[in-house]
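File shown here: data_8.txt, holding compact mmCIF, C-alpha atoms and all ligand atoms.
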# COMPACT_ATOMS: atom_id res chain seq x y z
CA MET Q 665 -21.81 25.32 148.76
CA ASN Q 666 -18.83 27.18 147.37
CA GLU Q 667 -18.90 30.84 146.40
CA ILE Q 668 -21.46 30.48 143.58
CA GLY Q 669 -23.24 27.40 144.89
CA VAL Q 670 -22.11 24.77 142.37
CA ILE Q 671 -18.88 23.64 140.83
CA ASN Q 672 -17.78 26.60 138.75
CA PRO Q 673 -16.34 25.30 135.48
CA LYS Q 674 -14.50 28.58 134.94
CA THR Q 675 -12.65 28.65 138.22
CA ASP Q 676 -12.73 25.21 139.82
CA PRO Q 677 -10.10 22.76 138.68
CA SER Q 678 -11.48 19.89 136.58
CA ARG Q 679 -9.97 17.53 139.12
CA ILE Q 680 -8.81 18.02 142.67
CA HIS Q 681 -5.99 16.23 144.38
CA VAL Q 682 -6.50 14.92 147.89
CA LEU Q 683 -4.01 12.89 149.89
CA ALA Q 684 -6.03 10.62 152.15
CA LYS Q 685 -4.42 9.44 155.37
CA PRO Q 686 -6.52 6.51 156.57
CA THR Q 687 -4.18 5.86 159.52
CA GLY Q 688 -3.46 9.53 160.20
CA SER Q 689 0.08 9.83 161.47
CA ALA Q 690 0.26 6.22 162.76
CA CYS Q 691 3.30 4.44 161.39
CA ASN Q 692 5.29 1.26 162.03
CA LEU Q 693 8.61 3.10 161.63
CA ASN Q 694 10.19 5.99 163.47
CA CYS Q 695 12.17 7.87 160.80
CA SER Q 696 14.03 10.55 162.67
CA TYR Q 697 13.17 13.39 160.28
CA CYS Q 698 9.46 12.51 159.87
CA PHE Q 699 7.35 15.67 160.09
CA TYR Q 700 4.09 13.74 160.26
CA LEU Q 701 4.61 11.63 163.40
CA LYS Q 702 4.10 14.77 165.51
CA LYS Q 703 0.59 15.19 164.09
CA GLU Q 704 -0.74 12.54 166.47
CA LEU Q 705 -0.99 15.40 168.96
CA LEU Q 706 -3.90 16.75 166.90
CA TYR Q 707 -6.05 13.73 167.76
CA PRO Q 708 -5.42 12.62 171.35
CA GLY Q 709 -7.04 9.26 172.15
CA SER Q 710 -7.81 8.47 168.51
CA ASN Q 711 -7.42 4.93 167.16
CA PHE Q 712 -6.15 6.44 163.88
CA ARG Q 713 -8.30 4.29 161.63
CA MET Q 714 -10.59 5.68 158.96
CA SER Q 715 -14.16 4.47 159.50
CA ASP Q 716 -16.30 3.04 156.73
CA GLU Q 717 -18.54 6.12 156.98
CA VAL Q 718 -15.64 8.49 156.30
CA LEU Q 719 -14.30 6.24 153.54
CA GLU Q 720 -17.64 6.09 151.73
CA ASN Q 721 -18.18 9.84 152.02
CA TYR Q 722 -14.66 10.49 150.80
CA ILE Q 723 -14.95 8.31 147.67
CA ARG Q 724 -18.42 9.63 146.81
CA GLN Q 725 -17.48 13.27 147.31
CA LEU Q 726 -14.20 12.91 145.45
CA ILE Q 727 -16.08 11.53 142.46
CA GLU Q 728 -18.75 14.23 142.68
CA SER Q 729 -16.05 16.89 142.82
CA HIS Q 730 -14.47 15.81 139.54
CA ARG Q 731 -15.46 17.27 136.19
CA SER Q 732 -12.72 15.18 134.59
CA ASP Q 733 -13.33 11.47 133.97
CA LYS Q 734 -9.89 10.58 135.33
CA VAL Q 735 -9.84 10.30 139.12
CA THR Q 736 -6.70 9.84 141.17
CA VAL Q 737 -7.28 8.34 144.61
CA ALA Q 738 -4.13 8.94 146.64
CA TRP Q 739 -3.38 7.07 149.88
CA GLN Q 740 -0.65 8.18 152.24
CA GLY Q 741 0.27 8.28 155.89
CA GLY Q 742 1.64 7.69 158.38
CA GLU Q 743 1.79 4.22 156.93
CA PRO Q 744 -1.38 3.42 154.95
CA THR Q 745 -0.75 -0.35 154.76
CA LEU Q 746 -1.48 -0.51 158.52
CA MET Q 747 -5.16 -0.42 157.52
CA GLY Q 748 -4.87 -3.92 156.03
CA VAL Q 749 -5.66 -4.92 152.46
CA ASP Q 750 -9.42 -5.33 153.05
CA PHE Q 751 -9.76 -1.57 153.61
CA TYR Q 752 -8.53 -0.96 150.06
CA ARG Q 753 -10.72 -3.74 148.66
CA ARG Q 754 -13.65 -1.81 150.13
CA ALA Q 755 -12.31 1.43 148.61
CA ILE Q 756 -12.28 -0.21 145.16
CA GLU Q 757 -15.83 -1.48 145.75
CA LEU Q 758 -16.97 2.07 146.56
CA GLN Q 759 -15.24 3.47 143.49
CA GLU Q 760 -17.28 0.99 141.42
CA LYS Q 761 -20.46 1.92 143.31
CA TYR Q 762 -20.19 5.66 142.63
CA ARG Q 763 -18.39 5.59 139.27
CA ARG Q 764 -19.89 7.76 136.51
CA PRO Q 765 -19.97 6.22 133.02
CA GLY Q 766 -16.56 6.55 131.39
CA MET Q 767 -14.79 7.35 134.63
CA THR Q 768 -11.42 5.71 135.32
CA PHE Q 769 -9.54 5.52 138.61
CA LYS Q 770 -5.88 5.48 139.47
CA ASN Q 771 -5.13 4.54 143.04
CA THR Q 772 -1.72 5.58 144.31
CA LEU Q 773 -0.26 4.55 147.65
CA GLN Q 774 2.88 5.81 149.36
CA THR Q 775 4.46 3.21 151.65
CA ASN Q 776 7.62 2.47 153.56
CA GLY Q 777 7.40 -1.05 152.08
CA ILE Q 778 7.79 -2.93 155.38
CA LEU Q 779 4.44 -4.77 155.34
CA LEU Q 780 4.38 -5.66 151.65
CA ASN Q 781 3.85 -9.34 150.92
CA ASP Q 782 2.50 -11.46 148.08
CA GLU Q 783 -1.11 -10.73 149.02
CA TRP Q 784 -0.61 -6.96 148.95
CA CYS Q 785 1.35 -7.01 145.70
CA LYS Q 786 -1.15 -9.29 143.96
CA PHE Q 787 -3.93 -6.91 145.01
CA PHE Q 788 -1.95 -3.89 143.73
CA ASN Q 789 -1.33 -5.58 140.41
CA GLU Q 790 -4.94 -6.64 139.94
CA ASN Q 791 -6.22 -3.15 140.72
CA ASP Q 792 -3.56 -1.21 138.82
CA PHE Q 793 -2.19 0.66 141.85
CA LEU Q 794 0.83 2.93 141.48
CA ILE Q 795 3.04 2.44 144.53
CA GLY Q 796 5.47 5.03 145.83
CA ILE Q 797 8.15 3.45 147.96
CA SER Q 798 10.20 5.55 150.38
CA ILE Q 799 13.90 4.77 150.22
CA ASP Q 800 16.79 7.11 150.90
CA GLY Q 801 19.56 5.46 148.88
CA PRO Q 802 21.93 2.54 149.46
CA ARG Q 803 22.04 0.77 152.82
CA GLU Q 804 24.12 3.16 154.98
CA LEU Q 805 22.45 6.27 153.64
CA HIS Q 806 18.96 4.79 153.99
CA ASP Q 807 19.53 3.47 157.50
CA ALA Q 808 20.95 6.79 158.72
CA HIS Q 809 17.42 8.04 159.41
CA ARG Q 810 14.86 5.48 158.26
CA VAL Q 811 14.73 3.33 161.39
CA ASP Q 812 12.09 1.24 163.15
CA LYS Q 813 10.54 1.85 166.57
CA ARG Q 814 13.58 0.27 168.25
CA GLY Q 815 16.00 2.38 166.24
CA GLY Q 816 16.99 -0.60 164.09
CA PRO Q 817 17.82 -0.50 160.37
CA THR Q 818 15.11 -1.05 157.76
CA PHE Q 819 16.96 -1.24 154.45
CA ASP Q 820 16.68 -5.03 153.98
CA ARG Q 821 12.96 -5.06 154.72
CA VAL Q 822 12.29 -2.18 152.32
CA MET Q 823 14.28 -3.86 149.56
CA LYS Q 824 12.36 -7.08 150.15
CA GLY Q 825 9.12 -5.14 149.62
CA LEU Q 826 10.51 -3.53 146.50
CA ARG Q 827 11.54 -6.89 145.03
CA LEU Q 828 7.99 -8.19 145.68
CA LEU Q 829 6.57 -5.23 143.75
CA GLN Q 830 8.90 -6.13 140.90
CA LYS Q 831 7.97 -9.82 141.10
CA HIS Q 832 4.25 -9.01 140.81
CA ARG Q 833 4.85 -6.37 138.10
CA VAL Q 834 3.37 -3.58 140.19
CA GLU Q 835 4.04 -0.08 138.85
CA TYR Q 836 6.20 1.79 141.37
CA ASN Q 837 8.29 4.89 141.82
CA VAL Q 838 10.62 6.05 144.57
CA LEU Q 839 10.41 8.94 147.00
CA VAL Q 840 13.72 9.98 148.49
CA THR Q 841 14.08 12.36 151.40
CA ILE Q 842 17.27 14.35 151.03
CA ASN Q 843 18.74 15.09 154.42
CA HIS Q 844 22.05 16.23 155.86
CA VAL Q 845 23.59 12.77 155.37
CA ASN Q 846 22.58 11.51 151.90
CA ALA Q 847 22.77 15.02 150.40
CA ASN Q 848 26.56 14.61 150.33
CA HIS Q 849 26.29 11.50 148.10
CA PRO Q 850 24.17 12.53 145.13
CA LEU Q 851 25.59 10.08 142.60
CA ASP Q 852 25.57 7.16 145.05
CA VAL Q 853 21.88 7.85 145.71
CA TYR Q 854 20.91 8.38 142.07
CA ARG Q 855 22.86 5.41 140.67
CA PHE Q 856 21.53 3.13 143.40
CA LEU Q 857 17.94 4.08 142.61
CA ARG Q 858 18.48 3.71 138.88
CA ASP Q 859 20.69 0.63 138.79
CA GLU Q 860 19.80 -1.35 141.94
CA ALA Q 861 16.25 -0.30 142.76
CA GLY Q 862 15.23 -0.23 139.08
CA ALA Q 863 13.40 3.06 139.50
CA THR Q 864 12.49 5.01 136.38
CA TRP Q 865 10.58 7.77 138.20
CA MET Q 866 12.09 9.54 141.22
CA GLN Q 867 10.99 12.23 143.60
CA PHE Q 868 13.53 14.06 145.77
CA ILE Q 869 12.11 15.86 148.81
CA PRO Q 870 14.29 18.17 150.94
CA ALA Q 871 14.13 17.38 154.69
CA ILE Q 872 13.73 20.68 156.53
CA GLU Q 873 12.76 20.52 160.19
CA ARG Q 874 12.09 23.93 161.67
CA LEU Q 875 12.85 24.33 165.38
CA THR Q 876 10.88 26.26 167.95
CA GLU Q 877 12.99 26.92 171.06
CA GLY Q 878 15.28 24.07 169.99
CA SER Q 879 12.53 21.49 169.34
CA VAL Q 880 10.56 20.20 166.40
CA THR Q 881 6.84 20.83 166.96
CA MET Q 882 3.76 20.01 164.90
CA TYR Q 883 3.71 23.59 163.60
CA GLN Q 884 5.67 25.18 160.76
CA GLN Q 885 7.37 27.68 163.01
CA GLY Q 886 10.86 28.82 163.90
CA THR Q 887 13.73 30.27 161.90
CA THR Q 888 16.37 27.63 162.69
CA VAL Q 889 16.51 24.01 161.54
CA SER Q 890 17.60 20.67 163.01
CA ASP Q 891 21.01 19.09 162.29
CA ARG Q 892 19.25 16.44 160.22
CA SER Q 893 17.96 19.02 157.77
CA VAL Q 894 19.56 19.43 154.38
CA GLU Q 895 21.50 22.69 154.01
CA SER Q 896 20.54 25.01 151.19
CA ARG Q 897 24.01 24.73 149.65
CA GLN Q 898 23.86 20.92 149.88
CA TRP Q 899 20.45 20.81 148.22
CA GLY Q 900 21.71 22.84 145.28
CA SER Q 901 24.87 20.71 144.87
CA PHE Q 902 22.83 17.51 145.14
CA LEU Q 903 20.43 18.56 142.38
CA ILE Q 904 23.27 19.81 140.17
CA ALA Q 905 25.29 16.58 140.46
CA VAL Q 906 22.28 14.38 139.71
CA PHE Q 907 21.16 16.65 136.86
CA ASP Q 908 24.60 16.52 135.23
CA GLU Q 909 24.55 12.74 135.18
CA TRP Q 910 20.92 12.60 134.05
CA VAL Q 911 21.24 15.12 131.23
CA ARG Q 912 24.24 13.30 129.70
CA ARG Q 913 22.76 9.79 129.68
CA ASP Q 914 19.23 9.31 131.06
CA VAL Q 915 16.84 11.88 129.55
CA GLY Q 916 13.71 10.12 128.31
CA LYS Q 917 14.52 6.97 130.30
CA ILE Q 918 14.60 8.20 133.90
CA PHE Q 919 12.08 10.77 135.15
CA VAL Q 920 13.16 13.00 138.01
CA GLN Q 921 10.18 15.06 139.10
CA THR Q 922 12.17 18.26 139.83
CA PHE Q 923 13.87 18.14 136.42
CA GLU Q 924 10.63 17.48 134.57
CA ALA Q 925 9.04 20.46 136.35
CA ALA Q 926 12.02 22.70 135.57
CA VAL Q 927 11.93 21.88 131.86
CA ARG Q 928 8.18 22.48 131.75
CA ASN Q 929 8.78 25.94 133.20
CA TRP Q 930 11.55 26.61 130.66
CA VAL Q 931 9.14 25.60 127.88
CA GLY Q 932 6.44 27.79 129.48
CA MET Q 933 3.81 25.08 129.64
CA GLY Q 934 1.60 26.98 132.11
CA SER Q 935 2.08 24.55 134.98
CA SER Q 936 5.21 22.76 136.10
CA GLY Q 937 3.22 19.84 137.47
CA MET Q 938 4.64 20.50 140.96
CA CYS Q 939 2.83 22.88 143.29
CA VAL Q 940 6.09 24.19 144.71
CA PHE Q 941 7.27 25.45 141.30
CA ASP Q 942 3.98 27.07 140.26
CA PRO Q 943 3.09 30.69 141.01
CA VAL Q 944 0.06 29.69 143.10
CA CYS Q 945 -0.95 26.45 144.80
CA GLY Q 946 -3.80 25.11 146.92
CA HIS Q 947 -5.08 22.22 144.78
CA GLY Q 948 -3.49 19.45 146.84
CA LEU Q 949 -5.36 18.90 150.10
CA VAL Q 950 -5.11 16.40 152.91
CA LEU Q 951 -7.88 14.26 154.35
CA GLU Q 952 -7.20 13.02 157.85
CA HIS Q 953 -8.55 9.67 159.08
CA ASN Q 954 -11.62 11.26 160.73
CA GLY Q 955 -12.73 13.29 157.71
CA ASP Q 956 -10.96 16.56 158.56
CA LEU Q 957 -9.77 18.31 155.41
CA TYR Q 958 -6.65 20.51 155.56
CA SER Q 959 -5.20 22.98 153.07
CA CYS Q 960 -2.02 21.01 152.35
CA ASP Q 961 0.10 18.08 153.57
CA HIS Q 962 2.62 20.55 154.99
CA PHE Q 963 -0.01 22.55 156.83
CA VAL Q 964 -1.93 19.96 158.81
CA GLU Q 965 -2.32 22.38 161.69
CA PRO Q 966 -5.45 23.81 163.36
CA PRO Q 967 -5.37 27.16 161.48
CA TYR Q 968 -5.47 25.32 158.16
CA LEU Q 969 -8.35 22.96 158.99
CA LEU Q 970 -11.04 23.74 156.40
CA GLY Q 971 -13.76 21.51 157.87
CA ASN Q 972 -14.91 17.92 158.04
CA ILE Q 973 -16.37 16.10 155.03
CA LEU Q 974 -19.05 14.47 157.20
CA GLY Q 975 -20.46 17.95 157.78
CA GLN Q 976 -19.61 19.79 154.55
CA HIS Q 977 -19.10 18.60 150.99
CA MET Q 978 -15.49 18.44 149.92
CA ILE Q 979 -16.06 20.68 146.89
CA ASP Q 980 -17.33 23.47 149.13
CA LEU Q 981 -14.21 23.24 151.27
CA VAL Q 982 -11.90 23.05 148.24
CA GLY Q 983 -13.65 26.00 146.62
CA SER Q 984 -13.88 28.06 149.82
CA LYS Q 985 -12.51 31.60 150.01
CA ARG Q 986 -10.05 30.43 152.66
CA GLN Q 987 -8.55 27.76 150.43
CA ARG Q 988 -8.35 30.09 147.46
CA LYS Q 989 -6.57 32.65 149.59
CA PHE Q 990 -4.18 29.93 150.82
CA GLY Q 991 -3.27 29.18 147.21
CA ARG Q 992 -2.93 32.84 146.16
CA ASP Q 993 -0.79 33.66 149.20
CA LYS Q 994 2.03 31.66 147.63
CA PHE Q 995 2.34 34.48 145.10
CA ASP Q 996 1.09 37.41 147.17
CA THR Q 997 3.63 36.89 149.96
CA LEU Q 998 6.71 36.63 147.72
CA PRO Q 999 9.42 38.95 148.99
CA LEU Q 1000 10.85 41.58 146.62
CA SER Q 1001 14.06 39.59 146.09
CA CYS Q 1002 11.98 36.75 144.60
CA ARG Q 1003 9.90 39.11 142.49
CA GLN Q 1004 13.10 40.51 140.99
CA CYS Q 1005 14.91 37.19 140.71
CA GLU Q 1006 16.12 36.04 137.30
CA VAL Q 1007 15.03 32.42 137.93
CA ARG Q 1008 11.64 33.18 139.46
CA PHE Q 1009 9.92 31.77 136.35
CA ALA Q 1010 11.29 28.35 137.41
CA CYS Q 1011 11.37 28.65 141.20
CA HIS Q 1012 8.42 30.86 142.15
CA GLY Q 1013 9.82 31.07 145.68
CA GLU Q 1014 9.23 27.31 146.11
CA CYS Q 1015 7.00 26.25 149.02
CA PRO Q 1016 5.74 28.80 151.56
CA LYS Q 1017 6.54 26.33 154.36
CA ASN Q 1018 10.23 26.92 153.68
CA ARG Q 1019 10.06 30.72 153.57
CA PHE Q 1020 11.41 31.70 156.94
CA LEU Q 1021 14.61 33.63 156.22
CA THR Q 1022 15.04 37.37 156.06
CA THR Q 1023 16.24 38.93 152.79
CA PRO Q 1024 19.31 41.22 152.73
CA ASN Q 1025 16.80 44.14 152.69
CA GLY Q 1026 15.28 42.97 155.97
CA GLU Q 1027 12.11 41.53 154.45
CA PHE Q 1028 10.85 38.31 156.05
CA GLY Q 1029 9.85 35.37 153.86
CA LEU Q 1030 12.87 34.35 151.80
CA ASN Q 1031 13.04 30.63 151.11
CA TYR Q 1032 15.53 28.67 153.23
CA LEU Q 1033 16.58 26.82 150.04
CA CYS Q 1034 17.02 29.99 147.97
CA HIS Q 1035 20.80 29.72 147.67
CA GLY Q 1036 20.59 26.11 146.46
CA TYR Q 1037 17.75 26.74 144.04
CA LYS Q 1038 19.45 29.77 142.53
CA ALA Q 1039 22.63 27.76 141.93
CA PHE Q 1040 20.66 24.84 140.46
CA PHE Q 1041 18.44 26.85 138.13
CA GLN Q 1042 21.36 28.96 136.91
CA HIS Q 1043 23.41 25.81 136.33
CA ILE Q 1044 20.79 24.08 134.18
CA ASP Q 1045 19.89 27.14 132.09
CA LYS Q 1046 21.70 26.08 128.94
CA PRO Q 1047 20.60 22.41 128.75
CA ALA Q 1048 17.09 23.41 129.85
CA GLN Q 1049 16.95 25.94 127.00
CA ILE Q 1050 18.09 23.27 124.54
CA MET Q 1051 15.41 20.84 125.80
CA ALA Q 1052 12.75 23.56 125.66
CA GLN Q 1053 13.66 24.33 122.05
CA LEU Q 1054 13.57 20.66 121.14
CA ILE Q 1055 10.14 20.22 122.72
CA ARG Q 1056 8.75 23.33 121.02
CA SER Q 1057 9.95 22.08 117.65
CA GLY Q 1058 8.31 18.70 118.23
CA SER Q 1059 11.56 16.78 118.78
CA PRO Q 1060 12.23 14.52 121.77
CA ALA Q 1061 13.93 16.29 124.67
CA ALA Q 1062 16.29 13.30 124.82
CA GLN Q 1063 18.13 14.73 121.81
CA VAL Q 1064 19.76 17.12 124.27
CA MET Q 1065 22.22 14.31 125.05
CA GLN Q 1066 23.54 14.27 121.47
CA VAL Q 1067 23.73 18.08 121.34
CA LEU Q 1068 25.74 18.18 124.58
CA ASP Q 1069 28.00 15.31 123.49
CA GLN Q 1070 28.87 17.22 120.35
CA GLU Q 1071 29.52 20.41 122.30
CA TYR Q 1072 31.79 18.63 124.79
CA ALA Q 1073 33.68 16.98 121.92
CA ASN Q 1074 34.17 20.37 120.22
CA GLN Q 1075 35.28 21.92 123.50
CA ALA Q 1076 37.75 19.09 124.21
CA GLU Q 1077 39.29 19.62 120.80
CA ALA Q 1078 39.54 23.38 121.37
CA PHE Q 1079 41.15 22.83 124.81
CA SER Q 1080 43.76 20.57 123.25
CA LYS Q 1081 44.88 23.36 120.90
CA VAL Q 1082 44.70 26.50 123.05
CA GLY Q 1083 47.76 28.17 124.57
CA ARG Q 1084 47.91 28.81 128.34
CA ASN Q 1085 47.70 32.60 127.97
CA GLU Q 1086 44.99 32.59 125.30
CA PRO Q 1087 41.30 33.16 126.10
CA CYS Q 1088 39.58 30.03 127.40
CA PRO Q 1089 37.48 28.34 124.66
CA CYS Q 1090 34.58 28.00 127.10
CA GLY Q 1091 33.83 31.69 126.57
CA SER Q 1092 34.35 32.78 130.18
CA GLY Q 1093 36.60 35.69 129.11
CA LEU Q 1094 39.39 34.41 131.40
CA LYS Q 1095 42.78 33.20 130.25
CA TYR Q 1096 42.84 29.43 129.68
CA LYS Q 1097 45.37 28.94 132.50
CA LYS Q 1098 43.00 30.72 134.94
CA CYS Q 1099 39.94 28.80 133.79
CA HIS Q 1100 39.69 25.25 132.37
CA GLY Q 1101 43.49 25.00 132.11
CA ARG Q 1102 43.94 25.21 135.88
S1 LIG P 1 2.08 25.09 150.68
FE1 LIG P 1 3.80 24.15 149.54
S2 LIG P 1 3.42 21.94 149.45
FE2 LIG P 1 1.51 22.99 150.05
S3 LIG P 1 0.40 23.26 148.14
FE3 LIG P 1 1.55 25.17 148.50
S4 LIG P 1 3.53 24.88 147.45
FE4 LIG P 1 2.55 22.87 147.61
S1 LIG P 2 15.92 31.43 143.67
FE1 LIG P 2 15.60 32.45 145.66
S2 LIG P 2 15.14 34.61 145.12
FE2 LIG P 2 14.89 33.37 143.24
S3 LIG P 2 12.69 32.90 143.22
FE3 LIG P 2 13.76 31.17 144.21
S4 LIG P 2 13.67 31.59 146.42
FE4 LIG P 2 13.18 33.51 145.34

Rendering of file as structure tokens:
Amino acid sequence: MNEIGVINPKTDPSRIHVLAKPTGSACNLNCSYCFYLKKELLYPGSNFRMSDEVLENYIRQLIESHRSDKVTVAWQGGEPTLMGVDFYRRAIELQEKYRRPGMTFKNTLQTNGILLNDEWCKFFNENDFLIGISIDGPRELHDAHRVDKRGGPTFDRVMKGLRLLQKHRVEYNVLVTINHVNANHPLDVYRFLRDEAGATWMQFIPAIERLTEGSVTMYQQGTTVSDRSVESRQWGSFLIAVFDEWVRRDVGKIFVQTFEAAVRNWVGMGSSGMCVFDPVCGHGLVLEHNGDLYSCDHFVEPPYLLGNILGQHMIDLVGSKRQRKFGRDKFDTLPLSCRQCEVRFACHGECPKNRFLTTPNGEFGLNYLCHGYKAFFQHIDKPAQIMAQLIRSGSPAAQVMQVLDQEYANQAEAFSKVGRNEPCPCGSGLKYKKCHGR
């Protein structure tokens, strides 16, 4: 059992979050930046299919580990649809078998969309699945890296899957990997997702492939990155450009996970809702196809294997000293430059997997994306403060759009009247001709 022998209501989370990978790293695509394909090396000779024994133990233990009545059952890969729809029918059956009175389930499934058909989408609709579909933007940007086993494009097949989700009224959101190519086209990506893909909830994930002696390995090691990786500067500019469009017209209609988390941290809500922007982490674990439980999706490596759920109950592994230390290390290993940083309350040094730079003082562990995050969080300070104030006063955050419209109108009027050598109305302290008048 865990440290005190039972679930500790004071210290254990009321719910735990596990990403189950029923096909392990097996996938029907070969996206060039995929960090998970390499994980097949962990299980040589495996058929990469979750057995019924592992599935039943997983569902039962997940339910037993929850104090909350709301249970999220998250499926991911690899490509989880390779298991076939009957696997998930069985999962629903087991959820019914072990359900406690009053308990509700939300199944989520992250897919590349290639295998979706009417049967899948009907099943998703009937069982209230939330589907995450991976798409990197319009055709050319998507096909730059999201290719099949023969290196061929996948955009049309993914869009076909997405249209089927729409046809069957399945709830879906989009996951976008921001890499060296699409990072240069923030508004093309955002507008495509909003206007063509009909997404109202978006997740942007930075692609960062660390290299060891010039190669990507299955370990988070190395202090250089591949050419496909997004640059820190690009990541910051991407977020800023999308934020500027969002904050002027889409607040309250379109949900961008990074922006929601940022505003929550500006409000001071206790948790941002994203592990990377919280002071500590460790509540999102990964279950491999054979029952092995790892500390985190980004640390599916032998040193972070907590145990196997066929031998130990999941709650004991989740509550183990090792896992708690893993979570606390996010804070304990912050370099001094993060501890003294003016935007630490929003950034918290982001994810430890990306902390492989050396600070100007020679301390190891600065986040590779630091430059971009600093620029982004500084840029959004004013609108984020306005939204935080609105939320605290019980008003909708969407009112920020009217406040900013009024400010821009006032500023435009002031610009139209100012002389070239007078102070710039924006308050920069520079002459107008050296600032907005340039
Ligand atoms: S290591 Fe990174 S991705 Fe994993 S739980 Fe911690 S912050 Fe989240
Ligand atoms: S912006 Fe940079 S220095 Fe500041 S907390 Fe984030 S990673 Fe650390």

Would you write out, as a tab-separated table, a table of all residues in chain Q that have an atom no more than 7 Å from an atom of ligand LIG 2 (chain P), listing for each the closest atom pair and the distance in Å to one decimal, considering only C-alpha atoms and all ligand atoms and ordering rows by chain and rising residue number?
residue	atom	partner	partner_atom	distance
Q:Ser1001	CA	P:LIG2	S2	5.2
Q:Cys1002	CA	P:LIG2	FE4	3.5
Q:Arg1003	CA	P:LIG2	S3	6.8
Q:Cys1005	CA	P:LIG2	FE2	4.6
Q:Glu1006	CA	P:LIG2	FE2	6.6
Q:Val1007	CA	P:LIG2	FE2	5.4
Q:Arg1008	CA	P:LIG2	S3	3.9
Q:Cys1011	CA	P:LIG2	FE3	4.6
Q:His1012	CA	P:LIG2	S3	4.9
Q:Gly1013	CA	P:LIG2	S4	4.0
Q:Glu1014	CA	P:LIG2	S4	6.2
Q:Leu1030	CA	P:LIG2	S4	6.1
Q:Asn1031	CA	P:LIG2	S4	4.8
Q:Leu1033	CA	P:LIG2	S4	6.7
Q:Cys1034	CA	P:LIG2	FE1	3.7
Q:His1035	CA	P:LIG2	FE1	6.2
Q:Tyr1037	CA	P:LIG2	S1	5.0
Q:Lys1038	CA	P:LIG2	S1	4.1

What are the closest atom pairs, with distances in Å to one decimal, for all residues of range 716-814 of chain Q lying within 9 Å of range 946-969 of chain Q? Consider only C-alpha atoms, order rows by chain and residue number, and present the result as a tab-separated table.
residue	atom	partner	partner_atom	distance
Q:Val718	CA	Q:Gly955	CA	5.8
Q:Leu719	CA	Q:Gly955	CA	8.3
Q:Asn721	CA	Q:Gly955	CA	8.6
Q:Tyr722	CA	Q:Gly955	CA	7.7

- Query: Which is closer to ligand LIG 1 (chain P) than all the others in Q:Leu683, Q:Thr768, Q:Lys761, Q:Val931, using only C-alpha atoms and all ligand atoms?
  - Reply: Q:Leu683

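Here CA of Glu909 in chain Q stands at a distance of 16.3 Å from CA of Glu860 in chain Q.
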
- Determine, counting only C-alpha atoms, which protein, DNA and RNA residues have an atom within 8 Å of an atom of Thr887 in chain Q; residues of the same chain fewer than 4 positions away are not included. Present the result as number ranges by chain. Q: 874-876, 1020-1021

- May I have the residues within 6 Å of range 981-994 of chain Q as a PyMOL selection string, using all atoms listed in the file and disregarding those fewer than 2 positions away in the same chain? chain Q and resi 666+944-946+978-979+996-997

Just C-alpha atoms for this one: save the residues we selected as a compact mmCIF listing (two decimals), in the coordinates of the input.
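The resulting out15.txt:
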# COMPACT_ATOMS: atom_id res chain seq x y z
CA ASN Q 666 -18.83 27.18 147.37
CA VAL Q 944 0.06 29.69 143.10
CA CYS Q 945 -0.95 26.45 144.80
CA GLY Q 946 -3.80 25.11 146.92
CA MET Q 978 -15.49 18.44 149.92
CA ILE Q 979 -16.06 20.68 146.89
CA ASP Q 996 1.09 37.41 147.17
CA THR Q 997 3.63 36.89 149.96

- Of Q:Val682, Q:Val911, Q:Ile723, Q:Val906, the one nearest to ligand LIG 1 (chain P) when counting all atoms listed in the file is Q:Val682

- Quick one: everything within 8 Å of range 806-823 of chain Q, counting only C-alpha atoms, minus sequence neighbours fewer than 2 positions away in the same chain. Send it as a ChimeraX atom specification. /Q:692-697,776-778,799-804,825-827,845-846,861

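Take CA of Arg754 in chain Q and CA of Leu794 in chain Q: the distance between them is 17.5 Å.
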
Repaired coordinates for range 1048-1054 of chain Q (N, CA and C atoms) as a short mmCIF file (atom, residue, chain, number, x, y, z; two decimals), keeping the file's coordinate frame:
data_model
loop_
_atom_site.label_atom_id
_atom_site.label_comp_id
_atom_site.auth_asym_id
_atom_site.auth_seq_id
_atom_site.Cartn_x
_atom_site.Cartn_y
_atom_site.Cartn_z
N ALA Q 1048 18.55 23.27 129.77
CA ALA Q 1048 17.09 23.41 129.85
C ALA Q 1048 16.58 24.19 128.63
N GLN Q 1049 17.34 25.19 128.21
CA GLN Q 1049 16.95 25.94 127.00
C GLN Q 1049 16.97 25.03 125.77
N ILE Q 1050 17.99 24.18 125.69
CA ILE Q 1050 18.09 23.27 124.54
C ILE Q 1050 16.88 22.32 124.55
N MET Q 1051 16.56 21.77 125.73
CA MET Q 1051 15.41 20.84 125.80
C MET Q 1051 14.11 21.56 125.46
N ALA Q 1052 13.97 22.80 125.95
CA ALA Q 1052 12.75 23.56 125.66
C ALA Q 1052 12.61 23.78 124.17
N GLN Q 1053 13.72 24.11 123.51
CA GLN Q 1053 13.66 24.33 122.05
C GLN Q 1053 13.30 23.05 121.32
N LEU Q 1054 13.87 21.94 121.77
CA LEU Q 1054 13.57 20.66 121.14
C LEU Q 1054 12.08 20.34 121.27
#
